[in-house]
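Shown below: start36.pdb, with PDB, C-alpha atoms, pLDDT in the B column.
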```
ATOM      1  CA  MET A1410     113.393 212.427-144.276  1.00 51.00           C
ATOM      2  CA  ASN A1411     116.787 214.054-144.446  1.00 50.00           C
ATOM      3  CA  VAL A1412     116.629 217.868-144.005  1.00 46.00           C
ATOM      4  CA  HIS A1413     119.365 218.343-146.609  1.00 49.00           C
ATOM      5  CA  LEU A1414     117.440 216.272-149.169  1.00 44.00           C
ATOM      6  CA  THR A1415     114.218 218.216-148.456  1.00 47.00           C
ATOM      7  CA  ARG A1416     115.980 221.569-149.006  1.00 48.00           C
ATOM      8  CA  THR A1417     117.570 220.322-152.222  1.00 43.00           C
ATOM      9  CA  ARG A1418     114.186 219.185-153.585  1.00 54.00           C
ATOM     10  CA  ALA A1419     112.601 222.503-152.645  1.00 47.00           C
ATOM     11  CA  LEU A1420     115.348 224.457-154.385  1.00 43.00           C
ATOM     12  CA  LEU A1421     115.141 222.293-157.513  1.00 44.00           C
ATOM     13  CA  THR A1422     111.348 222.618-157.621  1.00 47.00           C
ATOM     14  CA  GLY A1423     111.592 226.414-157.261  1.00 48.00           C
ATOM     15  CA  ALA A1424     114.227 226.636-159.988  1.00 44.00           C
ATOM     16  CA  ALA A1425     112.088 224.493-162.315  1.00 46.00           C
ATOM     17  CA  LEU A1426     109.081 226.744-161.744  1.00 43.00           C
ATOM     18  CA  LEU A1427     111.138 229.879-162.441  1.00 44.00           C
ATOM     19  CA  LEU A1428     112.568 228.411-165.625  1.00 46.00           C
ATOM     20  CA  ALA A1429     109.131 227.364-166.829  1.00 50.00           C
ATOM     21  CA  ALA A1430     107.679 230.850-166.216  1.00 51.00           C
ATOM     22  CA  ALA A1431     110.622 232.845-167.634  1.00 49.00           C
ATOM     23  CA  PRO A1432     109.623 232.675-171.327  1.00 53.00           C
ATOM     24  CA  THR A1433     106.142 233.899-170.439  1.00 50.00           C
ATOM     25  CA  ALA A1434     107.516 236.814-168.426  1.00 51.00           C
ATOM     26  CA  TYR A1435     109.884 237.855-171.209  1.00 50.00           C
ATOM     27  CA  ALA A1436     107.145 237.588-173.832  1.00 52.00           C
ATOM     28  CA  THR A1437     104.867 239.756-171.709  1.00 54.00           C
ATOM     29  CA  LEU A1438     107.563 242.423-171.298  1.00 54.00           C
ATOM     30  CA  ALA A1439     108.320 242.416-175.027  1.00 55.00           C
ATOM     31  CA  GLU A1440     104.634 242.742-175.913  1.00 57.00           C
ATOM     32  CA  ALA A1441     104.188 245.620-173.478  1.00 57.00           C
ATOM     33  CA  ASP A1442     107.274 247.378-174.877  1.00 61.00           C
ATOM     34  CA  SER A1443     106.162 247.139-178.513  1.00 60.00           C
ATOM     35  CA  SER A1444     102.625 248.305-177.765  1.00 64.00           C
ATOM     36  CA  ALA A1445     103.926 251.339-175.830  1.00 74.00           C
ATOM     37  CA  ARG A1446     105.507 252.884-178.932  1.00 78.00           C
ATOM     38  CA  ALA A1447     103.739 255.870-180.403  1.00 72.00           C
ATOM     39  CA  PRO A1448     102.737 255.671-184.061  1.00 75.00           C
ATOM     40  CA  GLU A1449     104.958 257.548-186.497  1.00 82.00           C
ATOM     41  CA  ARG A1450     103.475 260.883-187.428  1.00 88.00           C
ATOM     42  CA  GLY A1451     104.460 263.640-189.782  1.00 92.00           C
ATOM     43  CA  ALA A1452     106.713 263.851-192.766  1.00 94.00           C
ATOM     44  CA  PRO A1453     110.480 263.310-192.958  1.00 95.00           C
ATOM     45  CA  TYR A1454     112.313 266.561-192.284  1.00 96.00           C
ATOM     46  CA  VAL A1455     115.802 267.753-191.467  1.00 97.00           C
ATOM     47  CA  GLU A1456     116.321 269.758-188.292  1.00 97.00           C
ATOM     48  CA  THR A1457     119.302 272.099-188.356  1.00 98.00           C
ATOM     49  CA  GLN A1458     120.510 273.867-185.243  1.00 98.00           C
ATOM     50  CA  LEU A1459     122.915 276.772-185.649  1.00 98.00           C
ATOM     51  CA  PHE A1460     124.864 278.168-182.690  1.00 98.00           C
ATOM     52  CA  PHE A1461     125.872 281.826-182.899  1.00 98.00           C
ATOM     53  CA  GLY A1462     128.325 283.304-180.436  1.00 96.00           C
ATOM     54  CA  THR A1463     128.243 286.994-179.528  1.00 96.00           C
ATOM     55  CA  GLN A1464     131.761 287.794-178.268  1.00 94.00           C
ATOM     56  CA  ARG A1465     134.113 289.155-180.882  1.00 90.00           C
ATOM     57  CA  PRO A1466     137.580 287.597-180.947  1.00 85.00           C
ATOM     58  CA  ASP A1467     139.122 291.018-181.711  1.00 85.00           C
ATOM     59  CA  GLY A1468     137.739 292.391-178.429  1.00 87.00           C
ATOM     60  CA  GLY A1469     135.073 294.542-180.083  1.00 91.00           C
ATOM     61  CA  PRO A1470     131.617 294.979-178.567  1.00 95.00           C
ATOM     62  CA  ALA A1471     129.455 291.858-178.259  1.00 96.00           C
ATOM     63  CA  VAL A1472     126.656 291.299-180.756  1.00 97.00           C
ATOM     64  CA  THR A1473     123.452 292.778-179.296  1.00 97.00           C
ATOM     65  CA  ASP A1474     119.932 291.335-179.403  1.00 97.00           C
ATOM     66  CA  LYS A1475     118.941 294.083-181.819  1.00 98.00           C
ATOM     67  CA  GLN A1476     121.866 293.278-184.146  1.00 98.00           C
ATOM     68  CA  PHE A1477     121.175 289.546-184.036  1.00 98.00           C
ATOM     69  CA  MET A1478     117.447 289.917-184.731  1.00 98.00           C
ATOM     70  CA  ALA A1479     118.219 292.315-187.613  1.00 98.00           C
ATOM     71  CA  PHE A1480     120.552 289.613-188.982  1.00 98.00           C
ATOM     72  CA  VAL A1481     117.758 287.015-188.696  1.00 98.00           C
ATOM     73  CA  ASP A1482     115.295 289.365-190.401  1.00 98.00           C
ATOM     74  CA  THR A1483     117.574 290.179-193.331  1.00 98.00           C
ATOM     75  CA  GLU A1484     119.621 286.989-193.825  1.00 98.00           C
ATOM     76  CA  VAL A1485     117.591 284.048-192.465  1.00 98.00           C
ATOM     77  CA  THR A1486     113.882 284.835-192.813  1.00 97.00           C
ATOM     78  CA  PRO A1487     114.035 285.460-196.594  1.00 96.00           C
ATOM     79  CA  GLU A1488     115.686 282.035-197.050  1.00 95.00           C
ATOM     80  CA  PHE A1489     113.397 280.203-194.592  1.00 95.00           C
ATOM     81  CA  PRO A1490     110.074 282.078-194.659  1.00 94.00           C
ATOM     82  CA  ASP A1491     108.049 279.049-193.461  1.00 92.00           C
ATOM     83  CA  GLY A1492     109.317 279.518-189.900  1.00 93.00           C
ATOM     84  CA  LEU A1493     112.200 279.231-187.487  1.00 97.00           C
ATOM     85  CA  THR A1494     112.931 279.371-183.777  1.00 97.00           C
ATOM     86  CA  VAL A1495     115.503 281.508-181.967  1.00 98.00           C
ATOM     87  CA  GLN A1496     116.551 280.719-178.405  1.00 97.00           C
ATOM     88  CA  THR A1497     119.021 282.578-176.224  1.00 97.00           C
ATOM     89  CA  GLY A1498     121.524 280.862-174.021  1.00 96.00           C
ATOM     90  CA  ARG A1499     125.002 280.717-172.575  1.00 96.00           C
ATOM     91  CA  GLY A1500     127.621 278.682-174.333  1.00 93.00           C
ATOM     92  CA  GLN A1501     131.289 277.938-174.389  1.00 92.00           C
ATOM     93  CA  TRP A1502     133.781 276.528-176.821  1.00 88.00           C
ATOM     94  CA  ARG A1503     137.529 276.291-177.342  1.00 90.00           C
ATOM     95  CA  ASP A1504     138.709 278.953-179.791  1.00 86.00           C
ATOM     96  CA  ALA A1505     141.432 278.552-182.422  1.00 85.00           C
ATOM     97  CA  GLY A1506     144.050 279.693-179.879  1.00 88.00           C
ATOM     98  CA  GLY A1507     143.002 277.003-177.382  1.00 92.00           C
ATOM     99  CA  LYS A1508     141.267 279.374-174.973  1.00 89.00           C
ATOM    100  CA  ILE A1509     137.854 278.380-173.583  1.00 92.00           C
ATOM    101  CA  GLU A1510     135.431 281.175-174.371  1.00 88.00           C
ATOM    102  CA  SER A1511     132.170 281.577-172.416  1.00 93.00           C
ATOM    103  CA  GLU A1512     129.579 283.837-173.963  1.00 94.00           C
ATOM    104  CA  ARG A1513     125.962 284.732-174.487  1.00 96.00           C
ATOM    105  CA  SER A1514     124.743 282.883-177.554  1.00 97.00           C
ATOM    106  CA  TYR A1515     121.799 282.193-179.826  1.00 98.00           C
ATOM    107  CA  GLU A1516     120.461 278.903-181.107  1.00 98.00           C
ATOM    108  CA  LEU A1517     118.576 279.055-184.392  1.00 98.00           C
ATOM    109  CA  ILE A1518     116.438 276.027-185.256  1.00 98.00           C
ATOM    110  CA  LEU A1519     115.327 275.378-188.832  1.00 98.00           C
ATOM    111  CA  LEU A1520     113.050 272.582-190.041  1.00 96.00           C
ATOM    112  CA  TYR A1521     112.748 271.749-193.736  1.00 96.00           C
ATOM    113  CA  PRO A1522     111.555 268.764-195.801  1.00 96.00           C
ATOM    114  CA  VAL A1523     114.173 266.160-196.682  1.00 96.00           C
ATOM    115  CA  GLY A1524     113.453 266.829-200.363  1.00 96.00           C
ATOM    116  CA  ARG A1525     114.729 270.390-199.947  1.00 96.00           C
ATOM    117  CA  ALA A1526     117.873 269.418-198.022  1.00 96.00           C
ATOM    118  CA  ALA A1527     120.383 270.155-200.802  1.00 96.00           C
ATOM    119  CA  ALA A1528     119.036 273.647-201.512  1.00 96.00           C
ATOM    120  CA  SER A1529     118.657 274.376-197.788  1.00 97.00           C
ATOM    121  CA  ASP A1530     122.238 273.273-197.136  1.00 97.00           C
ATOM    122  CA  ARG A1531     123.585 275.894-199.554  1.00 97.00           C
ATOM    123  CA  ARG A1532     121.464 278.604-197.936  1.00 98.00           C
ATOM    124  CA  ILE A1533     122.520 277.594-194.425  1.00 98.00           C
ATOM    125  CA  GLU A1534     126.205 277.632-195.313  1.00 98.00           C
ATOM    126  CA  GLU A1535     125.791 281.134-196.757  1.00 98.00           C
ATOM    127  CA  ILE A1536     124.048 282.283-193.553  1.00 98.00           C
ATOM    128  CA  ARG A1537     126.975 280.939-191.515  1.00 98.00           C
ATOM    129  CA  ARG A1538     129.549 282.709-193.713  1.00 98.00           C
ATOM    130  CA  VAL A1539     127.673 286.022-193.598  1.00 98.00           C
ATOM    131  CA  TYR A1540     127.416 285.953-189.782  1.00 98.00           C
ATOM    132  CA  GLU A1541     131.094 285.041-189.355  1.00 97.00           C
ATOM    133  CA  LYS A1542     132.153 287.901-191.626  1.00 97.00           C
ATOM    134  CA  ALA A1543     129.686 290.513-190.329  1.00 96.00           C
ATOM    135  CA  PHE A1544     130.442 289.900-186.645  1.00 96.00           C
ATOM    136  CA  GLY A1545     134.066 288.738-186.780  1.00 94.00           C
ATOM    137  CA  GLN A1546     133.333 285.192-185.598  1.00 94.00           C
ATOM    138  CA  GLU A1547     135.658 282.199-185.995  1.00 93.00           C
ATOM    139  CA  ALA A1548     132.747 279.814-186.547  1.00 95.00           C
ATOM    140  CA  VAL A1549     129.016 279.219-186.339  1.00 97.00           C
ATOM    141  CA  GLY A1550     128.259 275.746-184.950  1.00 97.00           C
ATOM    142  CA  ARG A1551     125.921 273.472-186.905  1.00 98.00           C
ATOM    143  CA  VAL A1552     124.067 270.257-186.020  1.00 98.00           C
ATOM    144  CA  ASP A1553     121.829 268.391-188.483  1.00 98.00           C
ATOM    145  CA  ASP A1554     119.430 265.601-187.571  1.00 97.00           C
ATOM    146  CA  ARG A1555     116.511 263.799-189.174  1.00 96.00           C
ATOM    147  CA  ALA A1556     113.080 264.341-187.684  1.00 94.00           C
ATOM    148  CA  ARG A1557     109.448 263.554-188.327  1.00 94.00           C
ATOM    149  CA  VAL A1558     107.427 266.760-188.364  1.00 93.00           C
ATOM    150  CA  ASP A1559     103.720 267.432-188.317  1.00 91.00           C
ATOM    151  CA  PHE A1560     102.180 270.906-188.242  1.00 89.00           C
TER
END
```
Will you turn the file into structure tokens for me?
Amino acid sequence: MNVHLTRTRALLTGAALLLAAAPTAYATLAEADSSARAPERGAPYVETQLFFGTQRPDGGPAVTDKQFMAFVDTEVTPEFPDGLTVQTGRGQWRDAGGKIESERSYELILLYPVGRAAASDRRIEEIRRVYEKAFGQEAVGRVDDRARVDF
């Protein structure tokens, strides 16, 4: 038998076997992927992250930990008594003059039910305005996202 013809038959047979098995392989991968998903838990919530800088654009002293925690105690906790999280970090952003500012910062995380989103939004915007005015800040960053929460 011709060696070329034997190789051609072998290649065609291999290709046919691969094509025949491909749908099975894809179905198996799809089944494994769908079964690996965790069940949805918790209730629909909104997660709001607020980013507070500490450097003052006018060159005044930076906001201290004591000042920031007093702000949280007086301005945030009364509006969100069910709980919150404060994290410290280092951040940077481009100010209104185009300068990149690096500074110590705080991230405040709030979780609240979707049904209370409108009322919470008003409270959060007031918290941002109060911080900007009290500490001479150009802005307080805000990120909102939907989440499923279970306590």
Please return as a PyMOL selection string every residue within 10 Å of (133.0, 281.1, -171.0), taking into account only C-alpha atoms and the file's own coordinates.
chain A and resi 1464+1499-1503+1508-1513
Mind dumping the selected residues with C-alpha atoms as a short mmCIF file (atom, residue, chain, number, x, y, z; two decimals), in the coordinates of the input?
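Below is the file that was written, again39.cif:
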```cif
data_model
loop_
_atom_site.label_atom_id
_atom_site.label_comp_id
_atom_site.auth_asym_id
_atom_site.auth_seq_id
_atom_site.Cartn_x
_atom_site.Cartn_y
_atom_site.Cartn_z
CA GLN A 1464 131.76 287.79 -178.27
CA ARG A 1499 125.00 280.72 -172.58
CA GLY A 1500 127.62 278.68 -174.33
CA GLN A 1501 131.29 277.94 -174.39
CA TRP A 1502 133.78 276.53 -176.82
CA ARG A 1503 137.53 276.29 -177.34
CA LYS A 1508 141.27 279.37 -174.97
CA ILE A 1509 137.85 278.38 -173.58
CA GLU A 1510 135.43 281.18 -174.37
CA SER A 1511 132.17 281.58 -172.42
CA GLU A 1512 129.58 283.84 -173.96
CA ARG A 1513 125.96 284.73 -174.49
#
```
Distance in Å - CA of Phe1480 (chain A) versus CA of Val1523 (chain A)
25.5 Å
Residues matched by the PyMOL selection byres ((chain A and resi 1483-1493) around 8), written as a PyMOL selection string:
chain A and resi 1479-1482+1494-1495+1517-1520+1532+1536
Restricting the calculation to all atoms listed in the file: of A:Val1552, A:Phe1560, A:Glu1456, A:Ala1543, which residue gets closest to Gln1476 (chain A)?
A:Ala1543
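Taking CA of Glu1534 (chain A) and CA of Arg1551 (chain A) as endpoints, the distance between them is 9.4 Å.
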Let me make sure I understand: among A:Pro1466, A:Arg1446, A:Ala1471, A:Asp1530, which one has the smallest atom-to-atom distance to Ala1505 (chain A) if we use all atoms listed in the file?
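Using all atoms listed in the file, the shortest distance to Ala1505 (chain A) belongs to A:Pro1466.
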What does the structure give for the distance between CA of Gln1546 (chain A) and CA of Val1472 (chain A), in Å to one decimal?
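Spanning CA of Gln1546 (chain A) to CA of Val1472 (chain A) is a straight-line distance of 10.3 Å.
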Residue members of the PyMOL selection byres ((chain A and resi 1450) around 7) in the file shown, as an NGL selection string:
:A and (1448-1449 or 1451-1452 or 1557 or 1559)
Using only C-alpha atoms, which residue out of A:Asp1467, A:Ala1526, A:Asp1474, A:Ala1447 lies closest to Asp1554 (chain A)?
A:Ala1526
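Nearest to Arg1537 (chain A) of all the residues A:Arg1525, A:Phe1477, A:Ala1445, A:Gly1550 is A:Gly1550, counting only C-alpha atoms.
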